[in-house]
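Listing of run.txt; format and content: compact mmCIF, C-alpha atoms (C1' of nucleotides).
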```txt
# COMPACT_ATOMS: atom_id res chain seq x y z
CA MET A 1313 -38.46 -28.55 -11.26
CA SER A 1314 -38.61 -25.31 -9.45
CA VAL A 1315 -38.15 -26.95 -6.09
CA GLY A 1316 -41.36 -28.92 -6.71
CA HIS A 1317 -42.76 -30.62 -3.63
CA THR A 1318 -39.80 -29.29 -1.74
CA ALA A 1319 -41.22 -25.79 -1.70
CA VAL A 1320 -41.76 -24.40 1.75
CA THR A 1321 -44.06 -21.51 0.84
CA PRO A 1322 -42.14 -19.02 2.92
CA GLN A 1323 -44.29 -16.09 1.93
CA ALA A 1324 -47.06 -17.38 4.11
CA HIS A 1325 -44.72 -17.26 7.06
CA LEU A 1326 -42.23 -14.46 6.83
CA GLY A 1327 -43.16 -12.99 3.50
CA PRO A 1328 -44.51 -9.58 4.43
CA CYS A 1329 -41.59 -8.84 6.72
CA GLY A 1330 -39.05 -6.80 4.91
CA ASP A 1331 -36.40 -5.93 7.40
CA ASP A 1332 -37.15 -6.68 11.03
CA ASP A 1333 -38.29 -10.28 10.63
CA CYS A 1334 -41.69 -9.31 12.03
CA GLY A 1335 -40.49 -9.52 15.61
CA VAL A 1336 -39.65 -13.16 15.19
CA ARG A 1337 -36.12 -12.34 16.20
CA ASP A 1338 -37.28 -11.66 19.74
CA VAL A 1339 -38.16 -15.31 20.14
CA LEU A 1340 -35.23 -16.62 18.16
CA ASP A 1341 -32.84 -14.59 20.27
CA ARG A 1342 -34.08 -16.39 23.37
CA LEU A 1343 -33.39 -19.72 21.69
CA GLY A 1344 -29.91 -18.54 20.98
CA ASP A 1345 -29.35 -17.77 24.63
CA LYS A 1346 -27.14 -20.34 26.20
CA TRP A 1347 -29.44 -21.33 29.07
CA THR A 1348 -33.01 -20.36 28.18
CA VAL A 1349 -33.93 -23.67 26.61
CA LEU A 1350 -32.54 -25.65 29.52
CA VAL A 1351 -34.54 -23.58 31.99
CA ILE A 1352 -37.67 -24.09 29.92
CA VAL A 1353 -37.03 -27.81 29.79
CA GLU A 1354 -36.53 -28.08 33.52
CA LEU A 1355 -39.60 -26.00 34.33
CA SER A 1356 -41.69 -28.10 31.96
CA LYS A 1357 -41.20 -30.88 34.50
CA GLY A 1358 -42.88 -28.82 37.20
CA VAL A 1359 -42.51 -25.93 39.62
CA ARG A 1360 -38.93 -25.29 40.67
CA ARG A 1361 -37.16 -23.11 43.22
CA PHE A 1362 -34.08 -21.11 42.34
CA ARG A 1363 -31.60 -23.57 43.80
CA GLU A 1364 -33.45 -26.52 42.36
CA LEU A 1365 -33.10 -25.01 38.92
CA GLN A 1366 -29.44 -24.37 39.46
CA ARG A 1367 -28.79 -27.91 40.62
CA ALA A 1368 -30.80 -29.32 37.73
CA ILE A 1369 -28.83 -27.34 35.16
CA PRO A 1370 -25.16 -28.18 35.60
CA GLY A 1371 -22.78 -25.39 34.73
CA ILE A 1372 -25.16 -22.47 35.00
CA SER A 1373 -23.93 -19.66 37.21
CA GLN A 1374 -26.06 -17.85 39.74
CA ARG A 1375 -25.88 -14.74 37.64
CA MET A 1376 -27.00 -16.39 34.41
CA LEU A 1377 -29.84 -18.18 36.15
CA THR A 1378 -31.04 -14.86 37.47
CA VAL A 1379 -30.69 -13.18 34.10
CA THR A 1380 -32.38 -16.02 32.25
CA THR A 1381 -35.33 -16.35 34.61
CA ARG A 1382 -35.89 -12.61 34.64
CA ARG A 1383 -35.93 -12.44 30.85
CA LEU A 1384 -38.40 -15.30 30.69
CA ALA A 1385 -40.55 -13.71 33.39
CA ARG A 1386 -40.49 -10.42 31.50
CA ASP A 1387 -41.73 -12.16 28.37
CA GLY A 1388 -44.50 -13.79 30.36
CA MET A 1389 -43.11 -17.27 29.77
CA ILE A 1390 -42.65 -18.09 33.43
CA SER A 1391 -44.13 -16.87 36.70
CA ARG A 1392 -42.04 -15.91 39.72
CA THR A 1393 -43.58 -16.29 43.15
CA ALA A 1394 -41.60 -15.07 46.15
CA TYR A 1395 -42.52 -16.10 49.71
CA ALA A 1396 -41.32 -13.81 52.51
CA THR A 1397 -40.03 -16.66 54.60
CA ILE A 1398 -36.69 -17.13 56.25
CA PRO A 1399 -34.78 -18.25 54.37
CA PRO A 1400 -36.45 -16.72 51.31
CA GLN A 1401 -38.19 -18.97 48.87
CA VAL A 1402 -38.92 -18.25 45.22
CA GLU A 1403 -40.83 -20.54 42.94
CA TYR A 1404 -40.72 -20.50 39.17
CA ALA A 1405 -43.29 -22.11 36.93
CA LEU A 1406 -44.22 -22.10 33.26
CA THR A 1407 -47.21 -19.98 32.34
CA ASP A 1408 -49.71 -21.01 29.69
CA ILE A 1409 -47.79 -19.24 27.00
CA GLY A 1410 -44.61 -20.67 28.45
CA ARG A 1411 -45.96 -24.18 28.04
CA SER A 1412 -46.99 -23.34 24.51
CA PHE A 1413 -43.47 -22.11 23.87
CA ALA A 1414 -42.06 -25.25 25.45
CA ARG A 1415 -43.98 -27.39 22.97
CA ALA A 1416 -42.54 -25.37 20.09
CA VAL A 1417 -39.08 -25.76 21.56
CA PHE A 1418 -39.54 -29.49 21.93
CA ALA A 1419 -40.61 -29.75 18.33
CA LEU A 1420 -37.38 -28.10 17.34
CA SER A 1421 -35.26 -30.20 19.69
CA ASP A 1422 -36.93 -33.25 18.21
CA TRP A 1423 -35.81 -32.11 14.80
CA SER A 1424 -32.32 -31.52 16.09
CA ARG A 1425 -32.12 -34.93 17.68
CA ASP A 1426 -33.38 -36.57 14.50
CA HIS A 1427 -30.83 -34.81 12.31
CA LYS A 1428 -27.79 -34.19 14.45
CA ASP A 1429 -26.02 -37.26 13.09
CA VAL A 1430 -26.54 -36.18 9.51
CA ILE A 1431 -25.30 -32.71 10.39
CA ALA A 1432 -22.27 -34.08 12.20
CA GLU A 1433 -21.39 -36.18 9.13
CA ALA A 1434 -21.79 -33.18 6.86
CA ARG A 1435 -19.39 -31.24 9.05
CA GLU A 1436 -16.83 -34.00 9.00
CA ARG A 1437 -16.96 -34.18 5.23
CA TRP A 1438 -16.67 -30.41 4.98
CA ASP A 1439 -13.76 -30.28 7.39
CA ALA A 1440 -12.01 -33.16 5.63
CA ARG A 1441 -12.39 -31.51 2.24
CA ASN A 1442 -11.09 -28.29 3.69
CA THR A 1443 -7.82 -29.17 5.35
CA ASP A 1444 -6.74 -25.82 6.64
CA MET B 455 -54.54 -27.93 21.02
CA SER B 456 -55.46 -27.12 24.58
CA VAL B 457 -53.06 -25.65 27.04
CA GLY B 458 -54.86 -27.15 29.94
CA HIS B 459 -52.46 -29.89 30.90
CA THR B 460 -49.32 -28.88 32.65
CA ALA B 461 -46.97 -31.64 31.65
CA VAL B 462 -45.10 -31.41 28.38
CA THR B 463 -43.41 -34.78 28.79
CA PRO B 464 -39.95 -33.34 28.36
CA GLN B 465 -38.20 -36.58 29.20
CA ALA B 466 -39.18 -37.94 25.85
CA HIS B 467 -37.40 -35.05 24.19
CA LEU B 468 -34.36 -33.94 26.13
CA GLY B 469 -34.55 -36.29 29.06
CA PRO B 470 -31.46 -38.42 28.67
CA CYS B 471 -29.22 -35.42 28.06
CA GLY B 472 -27.55 -34.42 31.24
CA ASP B 473 -25.18 -31.67 30.38
CA ASP B 474 -24.63 -30.94 26.71
CA ASP B 475 -28.25 -30.81 25.62
CA CYS B 476 -27.62 -33.78 23.30
CA GLY B 477 -26.13 -31.60 20.59
CA VAL B 478 -29.36 -29.68 20.26
CA ARG B 479 -27.40 -26.54 20.99
CA ASP B 480 -25.66 -26.82 17.62
CA VAL B 481 -28.97 -26.20 15.90
CA LEU B 482 -30.23 -23.67 18.39
CA ASP B 483 -27.02 -21.66 18.07
CA ARG B 484 -27.71 -21.25 14.37
CA LEU B 485 -31.15 -19.91 15.14
CA GLY B 486 -29.56 -17.42 17.47
CA ASP B 487 -27.31 -16.18 14.70
CA LYS B 488 -28.45 -12.87 13.44
CA TRP B 489 -28.73 -13.79 9.77
CA THR B 490 -29.06 -17.54 9.43
CA VAL B 491 -32.85 -17.61 9.50
CA LEU B 492 -33.11 -14.84 6.94
CA VAL B 493 -30.78 -16.69 4.58
CA ILE B 494 -32.80 -19.87 5.03
CA VAL B 495 -36.00 -17.98 4.33
CA GLU B 496 -34.64 -16.41 1.17
CA LEU B 497 -33.20 -19.67 -0.12
CA SER B 498 -36.50 -21.41 0.52
CA LYS B 499 -37.84 -19.27 -2.30
CA GLY B 500 -35.33 -20.74 -4.73
CA VAL B 501 -31.72 -20.80 -5.88
CA ARG B 502 -29.88 -17.54 -5.23
CA ARG B 503 -26.52 -16.06 -6.13
CA PHE B 504 -24.35 -14.31 -3.59
CA ARG B 505 -25.35 -10.82 -4.61
CA GLU B 506 -28.97 -11.77 -4.90
CA LEU B 507 -28.95 -12.97 -1.34
CA GLN B 508 -27.27 -9.80 -0.20
CA ARG B 509 -29.80 -7.60 -1.96
CA ALA B 510 -32.67 -9.68 -0.63
CA ILE B 511 -31.47 -9.37 2.96
CA PRO B 512 -31.17 -5.66 3.76
CA GLY B 513 -28.46 -4.82 6.26
CA ILE B 514 -26.34 -7.93 5.91
CA SER B 515 -22.67 -7.27 5.29
CA GLN B 516 -20.57 -9.11 2.76
CA ARG B 517 -18.63 -10.69 5.57
CA MET B 518 -21.64 -11.96 7.47
CA LEU B 519 -23.22 -13.34 4.31
CA THR B 520 -20.02 -15.26 3.64
CA VAL B 521 -19.79 -16.48 7.22
CA THR B 522 -23.45 -17.47 7.35
CA THR B 523 -23.51 -19.30 4.04
CA ARG B 524 -20.32 -21.15 4.89
CA ARG B 525 -21.67 -22.30 8.23
CA LEU B 526 -24.87 -23.50 6.58
CA ALA B 527 -22.89 -25.23 3.84
CA ARG B 528 -20.72 -26.91 6.44
CA ASP B 529 -23.79 -28.25 8.20
CA GLY B 530 -25.13 -29.57 4.92
CA MET B 531 -28.11 -27.22 4.99
CA ILE B 532 -27.26 -25.50 1.71
CA SER B 533 -25.25 -26.36 -1.37
CA ARG B 534 -22.69 -24.03 -2.90
CA THR B 535 -22.02 -24.29 -6.62
CA ALA B 536 -19.27 -22.15 -8.12
CA TYR B 537 -19.00 -21.57 -11.88
CA ALA B 538 -15.58 -20.61 -13.19
CA THR B 539 -16.92 -17.82 -15.35
CA ILE B 540 -15.89 -14.22 -15.61
CA PRO B 541 -17.15 -12.65 -13.53
CA PRO B 542 -17.42 -15.54 -11.07
CA GLN B 543 -20.82 -16.92 -10.26
CA VAL B 544 -21.80 -18.85 -7.15
CA GLU B 545 -25.21 -20.35 -6.56
CA TYR B 546 -26.66 -21.31 -3.21
CA ALA B 547 -29.60 -23.64 -2.72
CA LEU B 548 -31.25 -25.48 0.13
CA THR B 549 -30.47 -29.18 0.35
CA ASP B 550 -33.05 -31.74 1.41
CA ILE B 551 -32.06 -31.43 5.03
CA GLY B 552 -32.00 -27.68 4.61
CA ARG B 553 -35.59 -27.70 3.44
CA SER B 554 -36.50 -29.91 6.35
CA PHE B 555 -34.81 -27.43 8.64
CA ALA B 556 -36.64 -24.59 6.94
CA ARG B 557 -39.96 -26.22 7.71
CA ALA B 558 -38.99 -26.48 11.38
CA VAL B 559 -37.94 -22.84 11.35
CA PHE B 560 -41.22 -21.80 9.78
CA ALA B 561 -43.13 -23.68 12.44
CA LEU B 562 -41.28 -21.68 15.03
CA SER B 563 -41.73 -18.40 13.23
CA ASP B 564 -45.43 -19.18 13.01
CA TRP B 565 -45.49 -19.59 16.77
CA SER B 566 -43.60 -16.33 17.17
CA ARG B 567 -45.98 -14.47 14.91
CA ASP B 568 -48.98 -15.88 16.73
CA HIS B 569 -47.67 -14.88 20.15
CA LYS B 570 -45.55 -11.79 19.63
CA ASP B 571 -48.37 -9.49 20.68
CA VAL B 572 -48.93 -11.36 23.91
CA ILE B 573 -45.20 -11.28 24.60
CA ALA B 574 -45.01 -7.58 23.84
CA GLU B 575 -47.84 -6.90 26.27
CA ALA B 576 -46.17 -8.99 28.96
CA ARG B 577 -43.01 -6.95 28.51
CA GLU B 578 -44.87 -3.68 28.79
CA ARG B 579 -46.53 -4.80 31.99
CA TRP B 580 -43.21 -5.97 33.38
CA ASP B 581 -41.45 -2.76 32.43
CA ALA B 582 -44.27 -0.66 33.88
CA ARG B 583 -44.20 -2.55 37.15
CA ASN B 584 -40.45 -2.18 37.26
CA THR B 585 -39.68 1.48 36.70
CA ASP B 586 -35.90 1.52 36.63
C1' DC C 248 -18.58 -10.99 -8.67
C1' DG C 249 -17.52 -13.30 -4.63
C1' DG C 250 -15.03 -13.45 -1.51
C1' DA C 251 -10.66 -13.08 2.33
C1' DA C 252 -8.18 -10.32 5.79
C1' DT C 253 -7.91 -7.00 9.20
C1' DC C 254 -9.45 -3.84 12.69
C1' DC C 255 -12.51 -2.71 16.18
C1' DC C 256 -16.37 -2.33 19.23
C1' DA C 257 -20.57 -4.02 21.63
C1' DT C 258 -22.70 -7.76 23.76
C1' DT C 259 -22.56 -12.32 26.20
C1' DG C 260 -21.48 -14.74 29.83
C1' DG C 261 -18.05 -16.73 33.48
C1' DA C 262 -15.85 -15.95 38.19
C1' DT C 263 -15.96 -13.91 42.35
C1' DA C 264 -17.51 -11.28 46.26
C1' DC C 265 -21.12 -9.24 48.85
C1' DT C 266 -26.26 -8.77 50.84
C1' DG C 267 -31.22 -8.97 52.72
C1' DC D 498 -31.77 -19.01 49.99
C1' DA D 499 -31.97 -15.93 46.34
C1' DG D 500 -30.23 -12.81 44.66
C1' DT D 501 -26.95 -8.07 43.27
C1' DA D 502 -22.61 -5.96 41.86
C1' DT D 503 -18.27 -5.85 39.69
C1' DC D 504 -14.63 -7.23 36.85
C1' DC D 505 -13.00 -9.57 32.92
C1' DA D 506 -12.39 -12.80 28.80
C1' DA D 507 -14.48 -14.60 24.74
C1' DT D 508 -17.44 -14.13 20.97
C1' DG D 509 -20.30 -11.83 17.35
C1' DG D 510 -20.57 -8.92 14.04
C1' DG D 511 -19.94 -4.10 11.53
C1' DA D 512 -16.75 -1.27 8.50
C1' DT D 513 -13.14 -1.19 5.55
C1' DT D 514 -9.62 -2.74 2.36
C1' DC D 515 -7.70 -5.93 -0.88
C1' DC D 516 -7.73 -9.82 -4.29
C1' DG D 517 -8.48 -13.59 -8.21
```
Any chance you could put this one into structure tokens?
Amino acid sequence: MSVGHTAVTPQAHLGPCGDDDCGVRDVLDRLGDKWTVLVIVELSKGVRRFRELQRAIPGISQRMLTVTTRRLARDGMISRTAYATIPPQVEYALTDIGRSFARAVFALSDWSRDHKDVIAEARERWDARNTD
Amino acid sequence: MSVGHTAVTPQAHLGPCGDDDCGVRDVLDRLGDKWTVLVIVELSKGVRRFRELQRAIPGISQRMLTVTTRRLARDGMISRTAYATIPPQVEYALTDIGRSFARAVFALSDWSRDHKDVIAEARERWDARNTD
DNA sequence: CGGAATCCCATTGGATACTG
DNA sequence: CAGTATCCAATGGGATTCCG
């Protein structure tokens, strides 16, 4: 039935991109980053300081928080506001495009949450069938 | 959809997950893979054989196509049907959950396409401000 | 054709120490 | 507090060779 109603009409989305995925990889690479999504999630709750972010995201190192926030700031997803106080104070917040991105991320995490059980079962079946 | 309101109500999405992101990372890691999305996109156009996939995805190595298809098959996203002919013939196709996943991926790629210019400009401004 | 196995290198990210 | 700098281990993925 030629995929019938199950067609996803990909041409309308990625069709014209031959090789470089039309720059979509830039965004997808961020999603693949270990901490980016967690930072986005935390900042979607409101403005956060560096240490607040670190405490809110268990396991993230100082270095990776710096790297992650800088990448997001570079892409315009978050703003970074430094106050010349003592001790220093830096506030991070989602920008408009960052909030838009957050909604897209949440849509995907919703999908993941809704299907993670099915995926886990598929993996178990696959691993059971393949006893290596 | 307005961007006016700040809150994205993240608690409803990832709220209860303290540390492990509720298994959402499993899905996000696939998106971070270099080739997974391209394989999904190609298979959303219809059933494909191994070589067809490879020809349709310029730059992918035999090894990475094998690795990528196996991971997707393990997660139940695609089916793998081998015919004991000579020469061998293996057909890959999206499953129902794979098509569902493809739709989620397309939603994200739509977002990327719609915002890649804004992101690119943000990067240029950031790089110009930071001349190192 | 459709892989599997091996080698190898580049990137990611963790741990730790130091600084304005 | 909010980083920067350095070292190091793990992973991802390319190139190549072999195999049923």
Inset, instruction - Show me which bits of chain D are within 10 Å of chain A, counting only C-alpha atoms (C1' of nucleotides), as a list of chain:residue names. - result: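 The contacting residues on chain D are D:DC498, D:DA499, D:DG500, D:DT501.
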Inset, instruction - May I ask for the distance between CA of Ser563 (chain B) and CA of Ser1424 (chain A), given in Å to one decimal place? - result: 16.4 Å
Inset, instruction - Name all residues at most 12 Å from DC504 (chain D) (count all atoms listed in the file; drop same-chain ones fewer than 4 positions away) and give them as a list in words. - result: DG261, DA262, DT263 and DA264 of chain C
Selection export as an mmCIF file, in the frame of the given file, atoms kept: C-alpha atoms (C1' of nucleotides):
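Full text of part.cif as output:
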```
data_model
loop_
_atom_site.group_PDB
_atom_site.id
_atom_site.type_symbol
_atom_site.label_atom_id
_atom_site.label_comp_id
_atom_site.auth_asym_id
_atom_site.auth_seq_id
_atom_site.Cartn_x
_atom_site.Cartn_y
_atom_site.Cartn_z
ATOM 1 C "C1'" DG C 261 -18.050 -16.730 33.480
ATOM 2 C "C1'" DA C 262 -15.850 -15.950 38.190
ATOM 3 C "C1'" DT C 263 -15.960 -13.910 42.350
ATOM 4 C "C1'" DA C 264 -17.510 -11.280 46.260
#
```
Inset, instruction - Considering all atoms listed in the file, extract the chain A residues located within 7 Å of chain B and return them as a ChimeraX atom specification. - result: /A:1315,1318-1320,1322,1325,1331,1335-1336,1339-1341,1343-1344,1353,1356-1357,1370,1386-1388,1408,1412,1415-1416,1418,1420-1422,1424-1425,1428,1431,1434-1435,1438
I'm after chain A in the frame of chain B: fit it by least squares over all Cα atoms matched in order, and give me the output as a PDB file with C-alpha atoms, in the frame of the given file.
```
ATOM      1  CA  MET A1313     -54.216 -30.217  38.516  1.00  0.00           C
ATOM      2  CA  SER A1314     -50.660 -31.085  37.884  1.00  0.00           C
ATOM      3  CA  VAL A1315     -50.551 -29.111  34.678  1.00  0.00           C
ATOM      4  CA  GLY A1316     -53.318 -31.354  33.305  1.00  0.00           C
ATOM      5  CA  HIS A1317     -53.836 -31.072  29.565  1.00  0.00           C
ATOM      6  CA  THR A1318     -51.149 -28.448  29.547  1.00  0.00           C
ATOM      7  CA  ALA A1319     -48.429 -31.030  30.002  1.00  0.00           C
ATOM      8  CA  VAL A1320     -45.886 -31.073  27.236  1.00  0.00           C
ATOM      9  CA  THR A1321     -44.316 -34.461  27.965  1.00  0.00           C
ATOM     10  CA  PRO A1322     -40.793 -33.144  27.714  1.00  0.00           C
ATOM     11  CA  GLN A1323     -39.186 -36.437  28.586  1.00  0.00           C
ATOM     12  CA  ALA A1324     -40.064 -37.770  25.189  1.00  0.00           C
ATOM     13  CA  HIS A1325     -38.134 -34.932  23.636  1.00  0.00           C
ATOM     14  CA  LEU A1326     -35.180 -33.879  25.701  1.00  0.00           C
ATOM     15  CA  GLY A1327     -35.540 -36.193  28.639  1.00  0.00           C
ATOM     16  CA  PRO A1328     -32.504 -38.429  28.329  1.00  0.00           C
ATOM     17  CA  CYS A1329     -30.171 -35.503  27.770  1.00  0.00           C
ATOM     18  CA  GLY A1330     -28.539 -34.556  30.984  1.00  0.00           C
ATOM     19  CA  ASP A1331     -26.074 -31.861  30.183  1.00  0.00           C
ATOM     20  CA  ASP A1332     -25.371 -31.218  26.523  1.00  0.00           C
ATOM     21  CA  ASP A1333     -28.958 -30.952  25.306  1.00  0.00           C
ATOM     22  CA  CYS A1334     -28.352 -33.925  23.013  1.00  0.00           C
ATOM     23  CA  GLY A1335     -26.721 -31.786  20.354  1.00  0.00           C
ATOM     24  CA  VAL A1336     -29.867 -29.768  19.948  1.00  0.00           C
ATOM     25  CA  ARG A1337     -27.858 -26.693  20.763  1.00  0.00           C
ATOM     26  CA  ASP A1338     -26.047 -26.985  17.451  1.00  0.00           C
ATOM     27  CA  VAL A1339     -29.275 -26.247  15.635  1.00  0.00           C
ATOM     28  CA  LEU A1340     -30.539 -23.720  18.132  1.00  0.00           C
ATOM     29  CA  ASP A1341     -27.288 -21.805  17.906  1.00  0.00           C
ATOM     30  CA  ARG A1342     -27.845 -21.338  14.184  1.00  0.00           C
ATOM     31  CA  LEU A1343     -31.292 -19.923  14.896  1.00  0.00           C
ATOM     32  CA  GLY A1344     -29.712 -17.512  17.282  1.00  0.00           C
ATOM     33  CA  ASP A1345     -27.354 -16.293  14.601  1.00  0.00           C
ATOM     34  CA  LYS A1346     -28.387 -12.923  13.365  1.00  0.00           C
ATOM     35  CA  TRP A1347     -28.595 -13.765   9.656  1.00  0.00           C
ATOM     36  CA  THR A1348     -29.002 -17.528   9.266  1.00  0.00           C
ATOM     37  CA  VAL A1349     -32.779 -17.507   9.234  1.00  0.00           C
ATOM     38  CA  LEU A1350     -32.930 -14.710   6.690  1.00  0.00           C
ATOM     39  CA  VAL A1351     -30.567 -16.573   4.381  1.00  0.00           C
ATOM     40  CA  ILE A1352     -32.657 -19.711   4.735  1.00  0.00           C
ATOM     41  CA  VAL A1353     -35.798 -17.757   3.973  1.00  0.00           C
ATOM     42  CA  GLU A1354     -34.328 -16.170   0.882  1.00  0.00           C
ATOM     43  CA  LEU A1355     -32.923 -19.443  -0.430  1.00  0.00           C
ATOM     44  CA  SER A1356     -36.272 -21.140   0.120  1.00  0.00           C
ATOM     45  CA  LYS A1357     -37.497 -18.931  -2.716  1.00  0.00           C
ATOM     46  CA  GLY A1358     -34.967 -20.445  -5.096  1.00  0.00           C
ATOM     47  CA  VAL A1359     -31.330 -20.551  -6.148  1.00  0.00           C
ATOM     48  CA  ARG A1360     -29.450 -17.352  -5.401  1.00  0.00           C
ATOM     49  CA  ARG A1361     -26.033 -15.917  -6.212  1.00  0.00           C
ATOM     50  CA  PHE A1362     -23.909 -14.220  -3.592  1.00  0.00           C
ATOM     51  CA  ARG A1363     -24.826 -10.685  -4.591  1.00  0.00           C
ATOM     52  CA  GLU A1364     -28.461 -11.584  -5.003  1.00  0.00           C
ATOM     53  CA  LEU A1365     -28.519 -12.818  -1.437  1.00  0.00           C
ATOM     54  CA  GLN A1366     -26.835  -9.691  -0.219  1.00  0.00           C
ATOM     55  CA  ARG A1367     -29.270  -7.437  -2.033  1.00  0.00           C
ATOM     56  CA  ALA A1368     -32.218  -9.473  -0.792  1.00  0.00           C
ATOM     57  CA  ILE A1369     -31.100  -9.218   2.827  1.00  0.00           C
ATOM     58  CA  PRO A1370     -30.746  -5.543   3.684  1.00  0.00           C
ATOM     59  CA  GLY A1371     -28.100  -4.762   6.252  1.00  0.00           C
ATOM     60  CA  ILE A1372     -26.023  -7.901   5.942  1.00  0.00           C
ATOM     61  CA  SER A1373     -22.334  -7.279   5.396  1.00  0.00           C
ATOM     62  CA  GLN A1374     -20.205  -9.140   2.903  1.00  0.00           C
ATOM     63  CA  ARG A1375     -18.341 -10.762   5.733  1.00  0.00           C
ATOM     64  CA  MET A1376     -21.425 -12.018   7.556  1.00  0.00           C
ATOM     65  CA  LEU A1377     -22.943 -13.344   4.357  1.00  0.00           C
ATOM     66  CA  THR A1378     -19.783 -15.305   3.744  1.00  0.00           C
ATOM     67  CA  VAL A1379     -19.663 -16.584   7.301  1.00  0.00           C
ATOM     68  CA  THR A1380     -23.338 -17.500   7.341  1.00  0.00           C
ATOM     69  CA  THR A1381     -23.347 -19.309   4.008  1.00  0.00           C
ATOM     70  CA  ARG A1382     -20.211 -21.228   4.895  1.00  0.00           C
ATOM     71  CA  ARG A1383     -21.681 -22.389   8.194  1.00  0.00           C
ATOM     72  CA  LEU A1384     -24.847 -23.510   6.455  1.00  0.00           C
ATOM     73  CA  ALA A1385     -22.842 -25.257   3.741  1.00  0.00           C
ATOM     74  CA  ARG A1386     -20.762 -26.995   6.396  1.00  0.00           C
ATOM     75  CA  ASP A1387     -23.911 -28.295   8.056  1.00  0.00           C
ATOM     76  CA  GLY A1388     -25.166 -29.550   4.719  1.00  0.00           C
ATOM     77  CA  MET A1389     -28.109 -27.157   4.731  1.00  0.00           C
ATOM     78  CA  ILE A1390     -27.158 -25.414   1.516  1.00  0.00           C
ATOM     79  CA  SER A1391     -25.069 -26.269  -1.529  1.00  0.00           C
ATOM     80  CA  ARG A1392     -22.439 -23.953  -2.987  1.00  0.00           C
ATOM     81  CA  THR A1393     -21.692 -24.203  -6.683  1.00  0.00           C
ATOM     82  CA  ALA A1394     -18.870 -22.089  -8.089  1.00  0.00           C
ATOM     83  CA  TYR A1395     -18.482 -21.508 -11.843  1.00  0.00           C
ATOM     84  CA  ALA A1396     -15.003 -20.547 -13.068  1.00  0.00           C
ATOM     85  CA  THR A1397     -16.284 -17.733 -15.213  1.00  0.00           C
ATOM     86  CA  ILE A1398     -15.175 -14.152 -15.418  1.00  0.00           C
ATOM     87  CA  PRO A1399     -16.481 -12.567 -13.364  1.00  0.00           C
ATOM     88  CA  PRO A1400     -16.856 -15.480 -10.942  1.00  0.00           C
ATOM     89  CA  GLN A1401     -20.279 -16.831 -10.234  1.00  0.00           C
ATOM     90  CA  VAL A1402     -21.379 -18.771  -7.168  1.00  0.00           C
ATOM     91  CA  GLU A1403     -24.811 -20.211  -6.680  1.00  0.00           C
ATOM     92  CA  TYR A1404     -26.350 -21.184  -3.377  1.00  0.00           C
ATOM     93  CA  ALA A1405     -29.333 -23.455  -2.984  1.00  0.00           C
ATOM     94  CA  LEU A1406     -31.110 -25.304  -0.199  1.00  0.00           C
ATOM     95  CA  THR A1407     -30.386 -29.007   0.024  1.00  0.00           C
ATOM     96  CA  ASP A1408     -33.021 -31.553   0.975  1.00  0.00           C
ATOM     97  CA  ILE A1409     -32.149 -31.295   4.613  1.00  0.00           C
ATOM     98  CA  GLY A1410     -32.001 -27.542   4.221  1.00  0.00           C
ATOM     99  CA  ARG A1411     -35.565 -27.498   2.955  1.00  0.00           C
ATOM    100  CA  SER A1412     -36.584 -29.715   5.832  1.00  0.00           C
ATOM    101  CA  PHE A1413     -34.920 -27.268   8.190  1.00  0.00           C
ATOM    102  CA  ALA A1414     -36.641 -24.380   6.445  1.00  0.00           C
ATOM    103  CA  ARG A1415     -40.030 -25.943   7.147  1.00  0.00           C
ATOM    104  CA  ALA A1416     -39.138 -26.256  10.829  1.00  0.00           C
ATOM    105  CA  VAL A1417     -38.007 -22.650  10.851  1.00  0.00           C
ATOM    106  CA  PHE A1418     -41.214 -21.520   9.208  1.00  0.00           C
ATOM    107  CA  ALA A1419     -43.230 -23.370  11.794  1.00  0.00           C
ATOM    108  CA  LEU A1420     -41.421 -21.437  14.463  1.00  0.00           C
ATOM    109  CA  SER A1421     -41.734 -18.108  12.661  1.00  0.00           C
ATOM    110  CA  ASP A1422     -45.430 -18.822  12.327  1.00  0.00           C
ATOM    111  CA  TRP A1423     -45.609 -19.227  16.066  1.00  0.00           C
ATOM    112  CA  SER A1424     -43.692 -16.021  16.555  1.00  0.00           C
ATOM    113  CA  ARG A1425     -45.941 -14.092  14.227  1.00  0.00           C
ATOM    114  CA  ASP A1426     -49.029 -15.462  15.953  1.00  0.00           C
ATOM    115  CA  HIS A1427     -47.799 -14.505  19.413  1.00  0.00           C
ATOM    116  CA  LYS A1428     -45.606 -11.469  18.995  1.00  0.00           C
ATOM    117  CA  ASP A1429     -48.425  -9.114  19.950  1.00  0.00           C
ATOM    118  CA  VAL A1430     -49.130 -10.988  23.151  1.00  0.00           C
ATOM    119  CA  ILE A1431     -45.428 -10.981  23.956  1.00  0.00           C
ATOM    120  CA  ALA A1432     -45.112  -7.283  23.211  1.00  0.00           C
ATOM    121  CA  GLU A1433     -48.030  -6.562  25.573  1.00  0.00           C
ATOM    122  CA  ALA A1434     -46.476  -8.700  28.280  1.00  0.00           C
ATOM    123  CA  ARG A1435     -43.267  -6.719  27.961  1.00  0.00           C
ATOM    124  CA  GLU A1436     -45.067  -3.421  28.204  1.00  0.00           C
ATOM    125  CA  ARG A1437     -46.856  -4.521  31.343  1.00  0.00           C
ATOM    126  CA  TRP A1438     -43.605  -5.782  32.826  1.00  0.00           C
ATOM    127  CA  ASP A1439     -41.755  -2.597  31.974  1.00  0.00           C
ATOM    128  CA  ALA A1440     -44.584  -0.444  33.323  1.00  0.00           C
ATOM    129  CA  ARG A1441     -44.678  -2.360  36.591  1.00  0.00           C
ATOM    130  CA  ASN A1442     -40.937  -2.046  36.853  1.00  0.00           C
ATOM    131  CA  THR A1443     -40.198   1.634  36.485  1.00  0.00           C
ATOM    132  CA  ASP A1444     -36.466   1.660  36.835  1.00  0.00           C
TER     133      ASP A1444
END
```
